[in-house]
Amino acid sequence: MKKPWNKVLIVLVVALLVILADAWNTGKIKIYYQDSEEKAQGGETKHTKEENVSVPPGISSGKEVRVLLSTSNYVGVYHDKVTVCGTKGMTVRIDGKEETYAPKEKVAFLSTKEKKQVTISPVSGGRLQLLSVTRQNRHPAYRGMLELNWTKQGYTLINEIPLEQYLYAVVPSELSTGSKMEALKAQAVCARTYAYNQIAAGRFRKYNADLDDSVSCQVYNNLPEDKRSRMAVNATKNQVVTKNSKRVQAYYYSTSWGKSASGKEVWETEKEISYLQSSMQQEGSETNGDMDLSKETSFRKFMTQTDIATYDKGSEWYRWSVVIPEKSLANRIDATLQECYRSNRSKVLTQQKNGTYRKQPLKSIGKLKNIRVEKRGKSGIVTQLVVVGSNTVVKVSSQYNVRKILAPGSIPVSLKKRKTSVSMLPSAAFYIDRVKSKEGISYEIYGGGFGHGTGMSQYGAVEMAKQGKNYEEILQFYFAGCEVAEAQK
């Protein structure tokens with residue numbers, strides 16, 4: 001017969017082991033595999049296979065938005081692994097089953113074979129930190145709910161969040177919150193208008209999302225929200241840019257070259273867009289007339305003048321230059337042309353024997369012989385570029401394609417006081433010269449501005465705010481004949 005104190009000792013030992021086990025697991029990552037054949041690793045939790053697959057909810061209403069989150073460096077939208085923790089804890093729901101986790105306790109989801117839907121909600125108004133993604137050398141934290149949806153390519157990750165809170169983290173990602181408050185308010189109104197239009201367009205419907213978080217839409221949570229971004233959003237709550245009581249396309253970009261481009265020039269629309277017109281970026285430009293920079297000589301003269309006072313003149317991107325060796329362009333010209341052709345065949349045309357151009361499958365242009373500007377818009381941006389090869393001649397249309405064709409690659413662009421690398425030519429406002437030297441043939445490109453060039457210049461808005469303009473005056477300058485009004489539900 002065992003003595004009673006032995007039973008007590010056994011109970012105490014078991015209790016101690018439980019406590020130690022809990023302590024050991026604190027801070028460890030619990031991993032959920034999407035493959036029932038994967039083996040659970042030491043100290044990690046595995047969920048077994050479930051046959052029932054939840055149907056994702058539909059696109060959300062205007063009160064909340066569903067934002068498709070990209071991987072690190074915005075490389076893609078399919079995540080092989082998603083690791084999350086809640087700043088104040090979180091609740092994880094997998095196919096209807098819930099489990100709650102302590103603050104900072106990490107959970108990892110590995111996408112392999114099994115189809116599950118996962119939703120994660122923060123506890124007590126906390127944030128969900130995404131440890132498997134980096135933004136500006138940090139792991140972003142999100143308001144609202146995260147939703148993981150399985151695909152064969154990996155998880156898609158969606159952040160469902162109220163629209164106004166979404167804007168808290170768009171404003172600082174698009175414009176420094178050290179800027180004047182009126183410029184930040186203008187940015188908030190533009191971003192809200194743009195978001196409503198993107199939701200209505202349904203570009204991301206195939207992902208069951210309203211928007212994404214990259215430059216293909218507008219950047220979200222690349223930099224975290226702060227007090228000033230919240231102030232700008234709250235001060236303009238529910239306000240959008242309208243004309244005749246309808247929302248407009250409130251485009252914005254970094255910096256102008258002293259002029260803005262028209263919407264027709266940039267997006268190649270059939271008709272002019274009344275509120276997106278090419279105009280000088282200076283005080284009183286609406287009454288001082290305008291310059292036509294569609295002629296090569298006029299554009300070159302404008303770009304080299306130093307006595308024209310414009311809002312963007314102080315920006316380091318106001319004027320820039322880059323010299324690209326012909327060999328560098330030649331090494332990638334065929335691949336770039338074919339990429340542009342696949343995106344839109346009507347924008348990349350091949351010259352025929354009679355001198356006309358038409359769509360046809362692209363082959364190698366042969367040896368690169370010349371690149372020349374074929375056509376400019378009134379603002380000066382290049383809307384057509386001709387690439388001459390030994391085998392064929394190709395005409396490229398649209399400012400976006402032109403900038404891709406002339407991407408500097410690893411060659412840095414020279415600004416006023418520094419050099420920097422860019423993924424494509426900073427803007428389509430440039431002139432180009434083919435130059436021979438002892439080192440060989442190169443293309444010298446001299447340009448100005450950064451971005452597509454239509455709508456609101458962010459640098460210009462900041463300068464206008466410094467000069468005492470309020471956000472409504474700023475927006476009315478950039479969007480002709482428009483006003484700020486309450487969004488229609």
# chains A, B, ... in the order shown; residues from 1 in each chain; ligands from 1
>>> residues_around(residues="region 463-471 of chain A", least_positions_apart="6", cutoff="7 Å", atoms="only C-alpha atoms", output="list in words")
Lys180, Glu182, Ala183, Lys185, Ala186 and Tyr311 of chain A
>>> write_last_selection(atoms="N, CA, C and O atoms", output="PDB file, in the first residue's frame")
ATOM      1  N   LYS A 180       3.646  70.193 -44.301  1.00  0.00           N
ATOM      2  CA  LYS A 180       2.607  71.054 -43.755  1.00  0.00           C
ATOM      3  C   LYS A 180       1.269  70.313 -43.715  1.00  0.00           C
ATOM      4  O   LYS A 180       0.957  69.525 -44.612  1.00  0.00           O
ATOM      5  N   GLU A 182      -1.768  71.211 -44.305  1.00  0.00           N
ATOM      6  CA  GLU A 182      -2.692  71.403 -45.425  1.00  0.00           C
ATOM      7  C   GLU A 182      -2.319  70.505 -46.605  1.00  0.00           C
ATOM      8  O   GLU A 182      -3.196  70.035 -47.336  1.00  0.00           O
ATOM      9  N   ALA A 183      -1.023  70.259 -46.786  1.00  0.00           N
ATOM     10  CA  ALA A 183      -0.605  69.329 -47.843  1.00  0.00           C
ATOM     11  C   ALA A 183      -1.014  67.906 -47.484  1.00  0.00           C
ATOM     12  O   ALA A 183      -1.444  67.137 -48.346  1.00  0.00           O
ATOM     13  N   LYS A 185      -3.565  67.077 -45.652  1.00  0.00           N
ATOM     14  CA  LYS A 185      -5.018  66.988 -45.855  1.00  0.00           C
ATOM     15  C   LYS A 185      -5.339  66.780 -47.330  1.00  0.00           C
ATOM     16  O   LYS A 185      -6.224  65.984 -47.679  1.00  0.00           O
ATOM     17  N   ALA A 186      -4.641  67.504 -48.200  1.00  0.00           N
ATOM     18  CA  ALA A 186      -4.859  67.334 -49.639  1.00  0.00           C
ATOM     19  C   ALA A 186      -4.530  65.910 -50.056  1.00  0.00           C
ATOM     20  O   ALA A 186      -5.253  65.292 -50.844  1.00  0.00           O
ATOM     21  N   TYR A 311       6.322  75.715 -58.720  1.00  0.00           N
ATOM     22  CA  TYR A 311       6.191  75.156 -57.376  1.00  0.00           C
ATOM     23  C   TYR A 311       7.209  74.045 -57.112  1.00  0.00           C
ATOM     24  O   TYR A 311       7.659  73.854 -55.986  1.00  0.00           O
TER      25      TYR A 311
END
>>> residues_around(residues="region 238-243 of chain A", least_positions_apart="2", cutoff="6 Å", atoms="only C-alpha atoms", output="ChimeraX atom specification")
/A:189,193,236,245-248,482-487
>>> atom_distance(atom1="CA of Thr297 (chain A)", atom2="CA of Ser321 (chain A)")
18.2 Å
>>> select_by_dssp(residues="region 145-336 of chain A", states="strand (DSSP E or B)", output="ChimeraX atom specification")
/A:145-151,154-162,211-212,239-243,246-247,252-253,255,259,280,320-325
>>> closest_residue(among="A:Thr356, A:Gln187, A:Thr336, A:Ser176", to="Tyr253 (chain A)", atoms="only C-alpha atoms")
A:Gln187
>>> residues_around(residues="Ser262 (chain A)", least_positions_apart="6", cutoff="6 Å", atoms="only C-alpha atoms", output="PyMOL selection string")
chain A and resi 276-278+454
>>> residues_around(residues="Glu439 (chain A)", least_positions_apart="6", cutoff="12 Å", atoms="only C-alpha atoms", output="number ranges by chain")
A: 324-327
>>> write_last_selection(atoms="N, CA and C atoms", output="CSV table (one decimal), in the first residue's frame")
chain,number,residue,atom,x,y,z
A,324,ILE,N,23.3,56.2,-70.6
A,324,ILE,CA,23.1,54.8,-70.7
A,324,ILE,C,23.9,54.3,-71.9
A,325,PRO,N,24.9,53.5,-71.7
A,325,PRO,CA,25.7,52.9,-72.8
A,325,PRO,C,24.7,52.1,-73.7
A,326,GLU,N,24.9,52.3,-75.0
A,326,GLU,CA,24.1,51.6,-76.0
A,326,GLU,C,24.1,50.1,-75.8
A,327,LYS,N,25.3,49.6,-75.4
A,327,LYS,CA,25.4,48.1,-75.1
A,327,LYS,C,24.4,47.7,-74.0
>>> residues_around(residues="region 83-86 of chain A", least_positions_apart="3", cutoff="8 Å", atoms="only C-alpha atoms", output="count of residues only")
20
>>> closest_residue(among="A:Met424, A:Ser179, A:Asn370, A:Leu211", to="Glu160 (chain A)", atoms="only C-alpha atoms")
A:Leu211
>>> select_by_dssp(residues="region 58-249 of chain A", states="helix (DSSP H, G or I)", output="number ranges by chain")
A: 72-74, 163-174, 181-201, 205-207, 227-235
>>> residues_around(residues="Lys417 (chain A)", least_positions_apart="2", cutoff="12 Å", atoms="only C-alpha atoms", output="MDAnalysis selection string")
chainID A and resid 315:317 319:321 413:415 419:420
>>> closest_residue(among="A:Leu349, A:Val388, A:Ile333, A:Leu362", to="Ala407 (chain A)", atoms="only C-alpha atoms")
A:Ile333
>>> closest_residue(among="A:Val462, A:Ile158, A:Leu293, A:Ile199", to="Met280 (chain A)", atoms="only C-alpha atoms")
A:Leu293
>>> atom_distance(atom1="CA of Val322 (chain A)", atom2="CA of Leu406 (chain A)")
10.2 Å
>>> atom_distance(atom1="CA of Ile273 (chain A)", atom2="CA of Val382 (chain A)")
18.7 Å
>>> closest_residue(among="A:Leu475, A:Trp267, A:Ser427, A:Arg332", to="Ser398 (chain A)", atoms="only C-alpha atoms")
A:Trp267
>>> closest_residue(among="A:Gln476, A:Asn244, A:Ser124, A:Ser328", to="Ser442 (chain A)", atoms="only C-alpha atoms")
A:Ser328
